[in-house]
file work.cif (mmCIF, C-alpha atoms and all ligand atoms)
data_model
#
loop_
_atom_site.label_atom_id
_atom_site.label_comp_id
_atom_site.auth_asym_id
_atom_site.auth_seq_id
_atom_site.Cartn_x
_atom_site.Cartn_y
_atom_site.Cartn_z
CA MET A 1 161.22 25.23 157.13
CA SER A 2 160.96 21.49 157.70
CA LYS A 3 157.92 19.48 156.73
CA VAL A 4 156.73 17.08 159.40
CA ASP A 5 155.00 13.82 158.61
CA ILE A 6 153.71 11.33 161.15
CA ILE A 7 153.57 7.71 160.04
CA SER A 8 151.50 5.78 162.54
CA GLY A 9 150.00 2.30 162.48
CA PHE A 10 149.41 -0.59 164.86
CA LEU A 11 152.18 -3.04 165.80
CA GLY A 12 153.66 -4.56 162.64
CA ALA A 13 151.32 -2.73 160.27
CA GLY A 14 154.13 -1.85 157.89
CA LYS A 15 155.24 1.65 159.01
CA THR A 16 158.94 0.99 158.55
CA THR A 17 158.34 -0.72 155.22
CA LEU A 18 156.33 2.27 153.98
CA ILE A 19 158.98 4.75 155.13
CA LYS A 20 161.66 2.71 153.35
CA LYS A 21 159.56 2.69 150.20
CA LEU A 22 159.02 6.45 150.29
CA LEU A 23 162.72 7.09 150.86
CA LYS A 24 163.71 4.89 147.95
CA ASP A 25 160.93 5.28 145.52
CA SER A 26 159.57 8.85 145.72
CA SER A 27 160.75 12.45 145.61
CA LEU A 28 161.77 12.01 149.25
CA LYS A 29 164.95 10.36 148.05
CA ASP A 30 166.21 13.79 146.98
CA GLU A 31 165.38 15.43 150.31
CA GLN A 32 167.29 15.51 153.54
CA VAL A 33 165.13 13.46 155.86
CA VAL A 34 165.48 12.79 159.57
CA LEU A 35 163.50 10.02 161.20
CA ILE A 36 162.37 10.24 164.82
CA GLU A 37 161.41 6.81 165.98
CA ASN A 38 159.67 5.73 169.16
CA GLU A 39 159.70 1.97 169.55
CA PHE A 40 157.54 0.26 172.11
CA GLY A 41 160.07 -2.52 172.72
CA GLU A 42 163.02 -1.82 174.97
CA ILE A 43 165.62 -2.53 172.33
CA GLY A 44 165.77 -0.50 169.13
CA ILE A 45 165.73 -2.86 166.17
CA ASP A 46 164.77 -0.72 163.20
CA GLY A 47 167.26 2.10 163.77
CA GLY A 48 170.13 0.01 162.49
CA PHE A 49 168.30 -0.95 159.30
CA MET A 50 167.41 2.64 158.59
CA ARG A 51 170.89 3.95 159.25
CA ASP A 52 172.10 1.44 156.67
CA ALA A 53 169.92 3.33 154.21
CA GLY A 54 171.87 6.53 154.99
CA ILE A 55 169.09 8.18 156.96
CA GLN A 56 169.63 10.07 160.18
CA VAL A 57 167.69 8.28 162.89
CA ASN A 58 166.86 9.67 166.28
CA GLU A 59 165.52 6.94 168.53
CA LEU A 60 163.37 7.66 171.54
CA SER A 61 162.78 4.57 173.58
CA GLN A 62 161.88 3.81 177.15
CA GLY A 63 158.55 5.53 177.12
CA CYS A 64 155.89 6.87 174.90
CA ILE A 65 156.09 10.19 173.06
CA CYS A 66 152.43 10.85 173.63
CA CYS A 67 152.80 10.99 177.41
CA SER A 68 155.89 10.32 179.51
CA LEU A 69 158.27 11.33 176.74
CA VAL A 70 156.47 14.50 175.65
CA GLY A 71 159.31 16.67 177.03
CA ASP A 72 162.00 14.49 175.46
CA PHE A 73 160.10 14.52 172.22
CA GLU A 74 159.94 18.31 172.14
CA LYS A 75 163.64 18.45 172.86
CA ALA A 76 164.41 15.86 170.19
CA LEU A 77 162.35 17.73 167.63
CA LYS A 78 164.01 21.06 168.42
CA GLN A 79 167.43 19.48 168.42
CA VAL A 80 166.81 17.88 165.04
CA LEU A 81 165.66 21.25 163.67
CA ASP A 82 168.69 23.11 165.02
CA THR A 83 171.25 20.49 164.08
CA TYR A 84 170.12 19.41 160.65
CA HIS A 85 167.57 21.92 159.33
CA PRO A 86 166.21 18.98 157.32
CA ASP A 87 163.74 19.25 154.47
CA ARG A 88 161.56 16.76 156.25
CA ILE A 89 161.14 15.08 159.60
CA ILE A 90 159.33 11.77 159.70
CA ILE A 91 157.97 10.71 163.06
CA GLU A 92 157.30 7.00 163.51
CA PRO A 93 155.37 6.56 166.77
CA SER A 94 155.22 3.22 168.53
CA GLY A 95 152.48 0.91 167.29
CA VAL A 96 150.38 1.59 170.39
CA GLY A 97 150.73 5.37 170.50
CA LYS A 98 147.61 7.45 170.03
CA LEU A 99 147.83 9.53 166.89
CA SER A 100 145.77 12.40 168.35
CA ASP A 101 148.27 12.69 171.22
CA ILE A 102 151.27 12.60 168.90
CA ILE A 103 149.74 15.34 166.76
CA ALA A 104 149.14 17.39 169.90
CA ALA A 105 152.76 16.84 170.99
CA VAL A 106 154.04 18.13 167.64
CA LYS A 107 151.71 21.12 167.76
CA ALA A 108 152.90 21.91 171.29
CA VAL A 109 156.39 22.58 169.93
CA HIS A 110 155.11 25.88 168.43
CA SER A 111 158.00 26.31 166.08
CA ASP A 112 157.87 28.52 162.99
CA ASP A 113 160.40 26.18 161.46
CA ILE A 114 157.97 23.32 161.03
CA GLU A 115 155.03 22.75 158.75
CA LEU A 116 152.72 19.81 159.35
CA ASP A 117 152.48 17.87 156.13
CA ALA A 118 150.54 14.61 156.48
CA PHE A 119 149.39 12.13 159.10
CA TYR A 120 149.64 8.66 157.63
CA THR A 121 148.14 5.61 159.25
CA VAL A 122 149.22 2.25 157.91
CA VAL A 123 146.55 -0.43 158.33
CA ASP A 124 147.22 -4.13 157.77
CA ALA A 125 144.45 -5.23 155.41
CA LYS A 126 144.62 -8.78 156.78
CA LYS A 127 144.18 -7.77 160.40
CA CYS A 128 142.07 -4.61 160.21
CA LYS A 129 138.79 -6.21 161.29
CA MET A 130 140.33 -8.26 164.08
CA TYR A 131 142.31 -5.35 165.53
CA HIS A 132 139.29 -3.07 165.24
CA LYS A 133 137.34 -5.55 167.36
CA ASN A 134 140.06 -6.43 169.83
CA PHE A 135 141.89 -3.20 170.39
CA GLY A 136 139.12 -0.69 169.84
CA GLU A 137 140.44 2.68 170.72
CA PHE A 138 144.18 2.10 170.21
CA PHE A 139 143.49 1.06 166.69
CA ASN A 140 140.54 3.35 165.92
CA ASN A 141 142.23 6.52 167.15
CA GLN A 142 144.99 6.05 164.60
CA ILE A 143 142.50 5.74 161.77
CA ALA A 144 140.17 8.52 162.95
CA ASN A 145 142.98 11.08 163.11
CA ALA A 146 144.78 10.26 159.87
CA SER A 147 144.86 12.55 156.86
CA VAL A 148 145.70 9.53 154.72
CA VAL A 149 145.22 5.80 155.39
CA VAL A 150 147.54 3.42 153.57
CA LEU A 151 146.46 -0.22 153.59
CA SER A 152 149.29 -2.76 153.60
CA ARG A 153 149.24 -6.36 152.32
CA THR A 154 146.16 -5.77 150.13
CA GLN A 155 147.59 -8.31 147.69
CA ASP A 156 146.88 -10.96 150.34
CA VAL A 157 143.15 -10.26 150.83
CA ASP A 158 140.11 -10.80 148.63
CA GLU A 159 137.69 -8.12 147.49
CA ASP A 160 135.13 -8.81 150.21
CA LYS A 161 137.67 -8.41 152.96
CA LEU A 162 138.96 -5.22 151.41
CA ALA A 163 135.41 -3.88 151.24
CA THR A 164 134.88 -4.69 154.93
CA ASP A 165 138.15 -2.91 155.78
CA LEU A 166 137.06 0.13 153.81
CA ASP A 167 133.71 0.22 155.65
CA ILE A 168 135.52 0.19 158.99
CA ILE A 169 137.92 2.92 157.87
CA GLN A 170 135.26 5.15 156.36
CA GLU A 171 133.06 4.87 159.40
CA LEU A 172 135.91 6.10 161.56
CA ASN A 173 137.17 8.71 159.14
CA ASP A 174 135.30 10.20 156.20
CA HIS A 175 137.94 12.72 155.19
CA ALA A 176 141.13 10.72 154.77
CA ALA A 177 142.37 9.58 151.40
CA VAL A 178 142.69 5.77 151.38
CA VAL A 179 145.37 3.90 149.42
CA THR A 180 144.37 0.32 148.62
CA THR A 181 146.74 -0.61 145.78
CA PRO A 182 149.45 -3.17 146.68
CA TRP A 183 152.71 -1.33 147.31
CA ASP A 184 154.60 -3.29 144.70
CA GLU A 185 152.25 -1.92 142.09
CA ILE A 186 152.50 1.80 142.84
CA SER A 187 155.28 4.29 143.14
CA GLY A 188 156.09 6.11 146.34
CA ASP A 189 155.18 9.34 144.53
CA ALA A 190 151.63 8.07 143.99
CA ILE A 191 151.34 7.55 147.76
CA LEU A 192 152.75 11.05 148.43
CA LYS A 193 150.22 12.48 146.02
CA ALA A 194 147.35 10.81 147.86
CA ALA A 195 148.72 12.35 151.05
CA GLU A 196 148.83 15.85 149.59
CA ASN A 197 145.23 16.70 150.34
CA LYS A 198 145.39 19.81 152.50
CA GLU A 199 141.70 19.76 153.29
CA SER A 200 141.92 16.34 154.87
CA LEU A 201 144.96 17.50 156.85
CA GLU A 202 142.98 20.40 158.27
CA LYS A 203 140.08 18.14 159.21
CA ALA A 204 142.48 15.66 160.79
CA LEU A 205 144.08 18.49 162.78
CA MET A 206 140.73 19.64 164.08
CA GLN A 207 139.69 16.13 164.99
CA ALA A 208 142.97 15.46 166.81
CA THR A 209 142.69 18.68 168.80
CA GLU A 210 139.18 17.79 169.94
CA GLU A 211 140.13 14.24 170.86
CA HIS A 212 143.23 15.31 172.68
CA GLU A 213 141.27 17.79 174.78
CA VAL A 214 138.71 15.16 175.78
CA GLU A 215 141.49 12.66 176.45
CA SER A 216 143.54 15.01 178.63
CA HIS A 217 140.44 15.45 180.68
CA HIS A 218 140.32 11.76 181.30
CA HIS A 219 143.99 11.66 182.12
CA HIS A 220 145.06 8.94 179.79
CA HIS A 221 142.80 6.19 180.88
CA HIS A 222 142.39 4.23 177.75
CA HIS A 223 139.49 2.01 178.65
CA HIS A 224 137.55 0.21 176.09
CA ASP A 225 135.02 -2.53 176.32
CA HIS A 226 134.64 -5.17 173.72
CA ASP A 227 134.41 -8.83 173.33
CA HIS A 228 137.76 -10.18 172.57
CA GLU A 229 137.43 -12.28 169.57
CA HIS A 230 140.21 -13.41 167.35
CA GLU A 231 139.51 -14.20 163.79
CA GLU A 232 141.59 -16.93 162.31
CA GLU A 233 143.57 -14.99 159.75
CA HIS A 234 146.70 -16.92 159.04
CA GLU A 235 147.03 -19.40 156.29
CA HIS A 236 149.80 -21.49 157.66
CA HIS A 237 151.38 -23.41 160.49
CA HIS A 238 148.48 -24.65 162.55
CA ASP A 239 144.84 -24.90 162.92
CA HIS A 240 144.33 -24.46 166.57
CA ASP A 241 141.46 -22.27 167.43
CA HIS A 242 142.64 -18.95 168.65
CA GLU A 243 139.41 -17.50 169.77
CA HIS A 244 139.41 -15.63 173.01
CA GLU A 245 135.83 -15.36 174.12
CA GLU A 246 135.32 -13.51 177.29
CA GLU A 247 132.15 -13.51 179.29
CA HIS A 248 133.00 -10.67 181.55
CA GLU A 249 133.43 -7.09 180.63
CA HIS A 250 136.97 -6.49 179.55
CA HIS A 251 138.65 -3.28 180.67
CA HIS A 252 141.90 -2.55 178.98
CA HIS A 253 144.30 0.22 179.14
CA HIS A 254 147.78 0.61 178.00
CA HIS A 255 149.79 1.70 180.98
CA HIS A 256 150.62 5.06 179.55
CA ASP A 257 152.00 6.96 182.46
CA HIS A 258 155.35 5.33 182.88
CA ASP A 259 157.41 8.10 184.38
CA HIS A 260 159.63 5.69 186.21
CA ASP A 261 163.02 4.59 185.05
CA HIS A 262 162.22 2.22 182.27
CA SER A 263 165.37 0.18 182.50
CA GLY A 264 163.08 -2.16 184.39
CA ALA A 265 163.99 -5.63 185.44
CA ALA A 266 166.69 -7.67 183.81
CA LEU A 267 167.33 -11.35 183.39
CA GLU A 268 170.77 -12.58 182.66
CA ASP A 269 172.43 -15.79 181.54
CA GLU A 270 175.70 -16.57 179.94
CA GLY A 271 175.59 -14.96 176.51
CA SER A 272 172.13 -13.44 176.85
CA LYS A 273 170.30 -10.69 178.67
CA ALA A 274 166.70 -9.51 178.81
CA TYR A 275 165.01 -6.22 179.58
CA PHE A 276 161.40 -5.67 180.45
CA ASP A 277 159.35 -3.28 182.43
CA GLU A 278 158.66 -4.84 185.79
CA GLU A 279 155.96 -2.38 186.70
CA ASP A 280 153.97 -3.27 183.63
CA LEU A 281 153.88 -6.85 184.78
CA HIS A 282 152.35 -5.97 188.10
CA ASP A 283 149.50 -4.07 186.62
CA ALA A 284 146.81 -6.63 185.88
CA ASP A 285 144.97 -4.11 183.78
CA GLU A 286 147.82 -3.83 181.38
CA VAL A 287 147.19 -4.54 177.74
CA PHE A 288 150.54 -4.52 176.06
CA ASN A 289 153.91 -5.42 177.42
CA SER A 290 157.22 -6.20 175.86
CA ILE A 291 160.55 -7.86 176.46
CA GLY A 292 163.85 -7.10 174.78
CA ILE A 293 166.50 -9.81 174.63
CA GLU A 294 170.14 -9.64 173.66
CA THR A 295 171.62 -12.98 172.77
CA ALA A 296 174.90 -14.25 171.38
CA HIS A 297 173.35 -17.60 170.46
CA ALA A 298 173.75 -18.79 166.86
CA PHE A 299 170.34 -19.99 165.63
CA THR A 300 169.76 -22.39 162.78
CA LYS A 301 166.94 -21.27 160.52
CA GLU A 302 164.86 -24.30 161.56
CA GLU A 303 165.41 -23.50 165.21
CA LEU A 304 164.32 -19.89 164.73
CA GLU A 305 161.28 -21.03 162.76
CA SER A 306 160.28 -23.47 165.47
CA LYS A 307 160.63 -20.78 168.13
CA LEU A 308 158.44 -18.38 166.17
CA GLN A 309 155.84 -21.13 165.83
CA THR A 310 155.97 -21.67 169.57
CA LEU A 311 155.46 -17.93 170.09
CA GLU A 312 152.26 -18.26 168.21
CA ASN A 313 150.98 -21.58 169.46
CA ASP A 314 151.92 -21.72 173.12
CA GLU A 315 149.14 -19.86 174.86
CA SER A 316 150.93 -19.97 178.19
CA LEU A 317 153.33 -17.34 176.77
CA GLY A 318 150.50 -14.81 176.41
CA HIS A 319 149.04 -13.43 173.21
CA ILE A 320 152.01 -12.44 171.07
CA LEU A 321 151.30 -9.64 168.60
CA ARG A 322 154.71 -8.68 167.36
CA SER A 323 158.27 -9.87 167.46
CA LYS A 324 161.26 -8.78 165.46
CA GLY A 325 164.98 -9.08 165.69
CA ILE A 326 168.35 -9.67 164.21
CA VAL A 327 170.29 -12.71 165.40
CA LYS A 328 173.43 -14.64 164.62
CA GLY A 329 172.80 -17.72 162.53
CA ALA A 330 174.69 -20.98 162.40
CA GLU A 331 177.59 -21.15 159.91
CA GLY A 332 178.44 -17.47 160.09
CA LYS A 333 175.08 -16.32 158.77
CA TRP A 334 172.86 -13.62 160.31
CA TYR A 335 169.10 -13.60 160.24
CA GLU A 336 166.56 -10.82 160.52
CA PHE A 337 163.01 -11.84 161.33
CA ASP A 338 159.53 -10.36 161.57
CA PHE A 339 156.54 -11.91 163.30
CA VAL A 340 153.16 -10.17 163.11
CA ALA A 341 150.31 -11.98 164.88
CA GLY A 342 151.04 -15.38 163.45
CA ASP A 343 152.68 -14.56 160.14
CA TYR A 344 156.43 -14.66 160.13
CA GLU A 345 159.30 -14.06 157.78
CA ILE A 346 163.00 -14.90 158.19
CA ARG A 347 165.57 -13.23 155.95
CA GLU A 348 169.32 -13.59 155.68
CA THR A 349 171.14 -10.36 156.45
CA SER A 350 174.59 -8.93 157.04
CA PRO A 351 176.29 -9.30 160.43
CA ASP A 352 175.44 -6.86 163.22
CA VAL A 353 177.17 -5.93 166.43
CA ASN A 354 175.01 -8.20 168.56
CA GLY A 355 171.98 -10.44 168.36
CA ARG A 356 168.83 -8.77 169.69
CA LEU A 357 165.11 -9.19 169.48
CA CYS A 358 161.92 -7.99 171.07
CA VAL A 359 158.56 -9.62 171.74
CA ILE A 360 155.38 -7.60 172.31
CA GLY A 361 151.96 -8.88 173.26
CA GLU A 362 149.09 -8.92 175.68
CA HIS A 363 149.79 -10.24 179.18
CA ILE A 364 152.98 -11.97 178.13
CA ASP A 365 155.04 -14.19 180.41
CA VAL A 366 158.47 -12.58 180.04
CA HIS A 367 160.31 -15.33 181.92
CA LYS A 368 158.98 -18.07 179.67
CA ILE A 369 159.59 -15.97 176.58
CA TYR A 370 163.14 -15.27 177.70
CA ASP A 371 163.79 -19.00 178.17
CA LEU A 372 162.37 -19.72 174.73
CA MET A 373 164.03 -16.98 172.72
CA LYS A 374 167.44 -16.58 174.33
CA GLY A 375 168.63 -19.63 172.38
N1 LIG B 401 154.15 -8.45 151.48
C1 LIG B 401 154.03 -7.38 152.24
N2 LIG B 401 154.67 -7.38 153.42
C2 LIG B 401 154.56 -6.33 154.19
C3 LIG B 401 153.77 -5.19 153.82
N3 LIG B 401 153.83 -4.32 154.83
C4 LIG B 401 154.62 -4.86 155.76
N4 LIG B 401 155.07 -6.06 155.38
C5 LIG B 401 155.93 -6.96 156.17
O1 LIG B 401 155.43 -6.96 157.50
C6 LIG B 401 156.46 -6.99 158.45
C7 LIG B 401 156.34 -5.82 159.42
O2 LIG B 401 156.53 -4.62 158.73
P1 LIG B 401 157.19 -3.31 159.40
O3 LIG B 401 157.30 -2.30 158.29
O4 LIG B 401 158.40 -3.64 160.15
O5 LIG B 401 156.03 -2.90 160.41
P2 LIG B 401 156.02 -1.72 161.48
O6 LIG B 401 154.67 -1.16 161.47
O7 LIG B 401 157.15 -0.78 161.24
O8 LIG B 401 156.28 -2.54 162.81
P3 LIG B 401 156.54 -2.00 164.31
O9 LIG B 401 157.25 -0.69 164.18
O10 LIG B 401 157.39 -3.06 164.89
O11 LIG B 401 155.22 -1.92 164.95
C8 LIG B 401 157.74 -7.02 157.64
O12 LIG B 401 158.10 -8.38 157.49
C9 LIG B 401 157.34 -6.46 156.29
O13 LIG B 401 158.17 -6.95 155.26
C10 LIG B 401 153.07 -5.23 152.55
O14 LIG B 401 152.33 -4.32 152.13
N5 LIG B 401 153.26 -6.34 151.81
#
call {"tool": "encode", "arguments": {"input": "work.cif", "output": "structure tokens"}}
result
Amino acid sequence: MSKVDIISGFLGAGKTTLIKKLLKDSSLKDEQVVLIENEFGEIGIDGGFMRDAGIQVNELSQGCICCSLVGDFEKALKQVLDTYHPDRIIIEPSGVGKLSDIIAAVKAVHSDDIELDAFYTVVDAKKCKMYHKNFGEFFNNQIANASVVVLSRTQDVDEDKLATDLDIIQELNDHAAVVTTPWDEISGDAILKAAENKESLEKALMQATEEHEVESHHHHHHHHDHDHEHEEEHEHHHDHDHEHEEEHEHHHHHHHDHDHDHSGAALEDEGSKAYFDEEDLHDADEVFNSIGIETAHAFTKEELESKLQTLENDESLGHILRSKGIVKGAEGKWYEFDFVAGDYEIRETSPDVNGRLCVIGEHIDVHKIYDLMKG
């Protein structure tokens, strides 16, 4: 019997960081764990990091496990069960997957070999209010269907902001346990314990089933109306006003039915290559799109920093929500970087087989982003 946990959360919320913490710093370190990962970007970035930690990683890309990849997902889950008989399977959906649909996809596998254990949703304490306003249903669905909500970066917010976050969470979900302690201050076991509440799991299961049924009826049209306001949340780099006020009604939906071959369009230059989904770009109603870039360029740290600042400040590139990658640095170094809606971090790392990165956002200009990021 394998336990199955789902660890969801919006783009850059801290899903991978939480999984790493649990694998290192809780009883999970003594279990055989397999990770099934579904990244929204075209190029898998996290898989490599996780494999370094000795974990079996099964990456599903080029689609979304809550719709076009449902069949692949079922196959992947069965294959993982047959091949490894692991103690635990952790599913990390893409940041824009709907948790209720992922839960339904796991339930649809109908295997006696699995036991649903917990549905985590990681919520960035700094961005909770802004994402709740801007991305309505994508964000809310993850919270509403969780059996446990784990707030990340709570060390970076004051009490008032934390209280506002808790109000938002509790209004969407009154049964989930909520973890608010900064992760450096608690053990992974304390987080597992908070997730152990079977009653909240049952309520979450019921909720997800209801939502999924309603959703299926509407055939995956994820519309939501809201005014699109961006709070200024970042402490550094700039003070340009990033407010997107929109007079007209804003209809969004994540293009969730991509059954086509996702290899999409490609751009190519000497030493670099880009992948993106051409169809996404033609759909004006699209919310999120992404580009994956492979590049052999050696970046200096300053150069990388300046490019990440441009990603944030140059509005003609679109609204960038997430970027991450691993690239060659000057002088034989390698850098790994993370960009989450304006906050970025660059770390030195060990060499990899190639330099690659992805950029995800709303209505992004992939050609301009390619020119900027390829080096
Ligand atoms: N200080 C701090 N940093 C965090 C915390 N959670 C996440 N981060 C940082 O935020 C960045 C993104 O974290 P990830 O764990 O990669 O987020 P993710 O949800 O897996 O991202 P995607 O899968 O790309 O959507 C990384 O730089 C992390 O180090 C936290 O609680 N505290």
call {"tool": "closest_residue", "arguments": {"input": "work.cif", "among": "A:Ser323, A:Asn313, A:Ser200, A:Thr300", "to": "ligand LIG 401 (chain B)", "atoms": "only C-alpha atoms and all ligand atoms"}}
result
A:Ser323
call {"tool": "residues_near_ligand", "arguments": {"input": "work.cif", "ligand": "ligand LIG 401 (chain B)", "cutoff": "6 Å", "atoms": "all atoms listed in the file", "output": "PyMOL selection string"}}
result
chain A and resi 9-17+95+152-153+183+338+345
call {"tool": "closest_residue", "arguments": {"input": "work.cif", "among": "A:Val123, A:Leu23, A:Ala298, A:Leu172", "to": "Glu331 in chain A", "atoms": "only C-alpha atoms"}}
result
A:Ala298
call {"tool": "atom_distance", "arguments": {"input": "work.cif", "atom1": "CA of Ser94 in chain A", "atom2": "CA of Ser290 in chain A"}}
result
12.1 Å
call {"tool": "residues_around", "arguments": {"input": "work.cif", "residues": "range 350-362 of chain A", "least_positions_apart": "6", "cutoff": "8 Å", "atoms": "all atoms listed in the file", "output": "PyMOL selection string"}}
result
chain A and resi 41-43+45+286-297+318-328+333-335
call {"tool": "atom_distance", "arguments": {"input": "work.cif", "atom1": "CA of Phe73 in chain A", "atom2": "CA of Thr209 in chain A"}}
result
18.2 Å
call {"tool": "atom_distance", "arguments": {"input": "work.cif", "atom1": "CA of Lys203 in chain A", "atom2": "CA of Ile36 in chain A"}}
result
24.3 Å
call {"tool": "closest_residue", "arguments": {"input": "work.cif", "among": "A:Glu348, A:Ala341, A:Leu205, A:Val149", "to": "Ile191 in chain A", "atoms": "only C-alpha atoms"}}
result
A:Val149
call {"tool": "closest_residue", "arguments": {"input": "work.cif", "among": "A:Ile369, A:Ile90, A:Ala208, A:Leu116", "to": "Leu311 in chain A", "atoms": "all atoms listed in the file"}}
result
A:Ile369
